[in-house]
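K.L.:
Take a look at this one; I'll ask things after.
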Amino acid sequence: MRIKRYKKIQRAIGFFEKNFSFRKPFQVMIDGTFAQAALQTKVNIRDQLPKYLDGDVKLLTTPCVVTETEKIGQEVYGALQILKQYPIHKCSHEESRRASACIMSMVKPNNPNRYVVATQDLLLRERLRKIPGVALLYLHGNAPTIEKPSEKTLQYANEKNLEKVEVLDYQKEILSQLKKDAFGESEEGRSRAKKRKRKGGPNPLSCKKSKKKKTEVLSSNRKTVTRTLLKPKRKRVKVKIPKHVKQEIEKSTKA
């Protein structure tokens with residue numbers, strides 16, 4: 001068996017084991033169409049199905065399936081002999097019904113007996129897909145093949161899982177009572193009893209003097225400094241007095 005095919009089988013079987021409590025040995029209900037197809041393709045049902053499903057298998061059929069196969073006659077004589085080898089589960093029908101109707105009654109409403117239905121009847125498989133929890137098996141050539149879970153089965157499993165997770169009303173009441181016992185008050189009471197903020201003084205950060213004036217002063221000082229730096233210094237011009245003029249001035253001062 002290829003790895004990809006093996007993983008597909010294990011996924012399908014694991015889904016039914018987890019969500020619908022399928023257990024080994026798996027109960028495989030066989031009808032006349034499956035037995036006839038196995039005879040034609042030379043598939044040994046008793047040997048092949050345990051290998052395919054990777055576990056012990058309990059093969060069974062119903063009185064209505066055997067009766068319908070007998071009525072068809074010599075064409076399906078080999079299939080009839082195969083069906084008679086397996087245990088017969090009583091279907092509680094006083095008068096024999098069609099095999100498809102009998103199998104439908106056995107799996108309703110949610111496949112309580114966890115049957116894996118093995119059939120080649122396309123119409124029956126279509127009807128069984130509408131019942132949650134039914135695993136379907138058929139022969140593809142000479143290879144047993146299990147169908148992936150139907151949409152109805154997936155929907156039912158999701159709803160069931162949500163119910164497990166969802167908290168019920170009585171559970172909510174118990175949780176609220178436990179909170180009261182542990183903390184003394186409900187969350188609403190605690191939120192109402194919150195401490196009011198006291199009126200305090202102004203924010204000390206808001207009382208600080210703004211730094212704008214200082215920056216303005218600093219900027220003005222910088223401007224003055226830059227201006228003074230930029231102004232050129234005036235040079236004093238020294239006037240040279242001639243010697244004879246100096247002498248005359250000195251004489252006049254002495255006199």
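Chain labels A, B, ... are given in the sequence in which chains occur in the structure tokens; within each chain residues are numbered consecutively from 1, and ligands are likewise numbered from 1 in the order shown.
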DSSP on the backbone, strand (DSSP E) only: what residues of range 19-107 of chain A does that give? Format it as a PyMOL selection string.

P.N.:
chain A and resi 26-30+57-60

K.L.:
What would the file look like if the residues just selected were written as a PDB file, in the first residue's frame with C-alpha atoms?

P.N.:
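After the write, again16.pdb holds the following:
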```pdb
ATOM      1  CA  PHE A  26     -14.820  -2.494  13.117  1.00  0.00           C
ATOM      2  CA  GLN A  27     -18.317  -3.740  12.251  1.00  0.00           C
ATOM      3  CA  VAL A  28     -18.505  -3.899   8.443  1.00  0.00           C
ATOM      4  CA  MET A  29     -22.006  -4.436   7.057  1.00  0.00           C
ATOM      5  CA  ILE A  30     -21.829  -6.040   3.595  1.00  0.00           C
ATOM      6  CA  VAL A  57     -12.877  -6.512  11.434  1.00  0.00           C
ATOM      7  CA  LYS A  58     -16.238  -8.095  12.184  1.00  0.00           C
ATOM      8  CA  LEU A  59     -18.010  -8.879   8.887  1.00  0.00           C
ATOM      9  CA  LEU A  60     -21.796  -9.096   9.027  1.00  0.00           C
TER      10      LEU A  60
END
```

K.L.:
Would you kindly return, as a ChimeraX atom specification, each protein, DNA or RNA residue with an atom no farther than 12 Å from any atom of Tyr115 in chain A, considering only C-alpha atoms and excluding same-chain residues fewer than 2 positions away?

P.N.:
/A:16-17,20-30,57-61,89,103-108,110-113,117-118,128,131-137

K.L.:
What's the 12 Å shell around range 90-101 of chain A, counting only C-alpha atoms, without same-chain residues fewer than 6 positions away, as JSON, numbers by chain?

P.N.:
{"A": [29, 30, 31, 32, 33, 34, 60, 61, 62, 63, 64, 65, 66, 67, 68, 69, 70, 71, 72, 107, 108, 117, 118, 119, 120, 121, 122, 123, 124, 125, 126, 127, 128]}
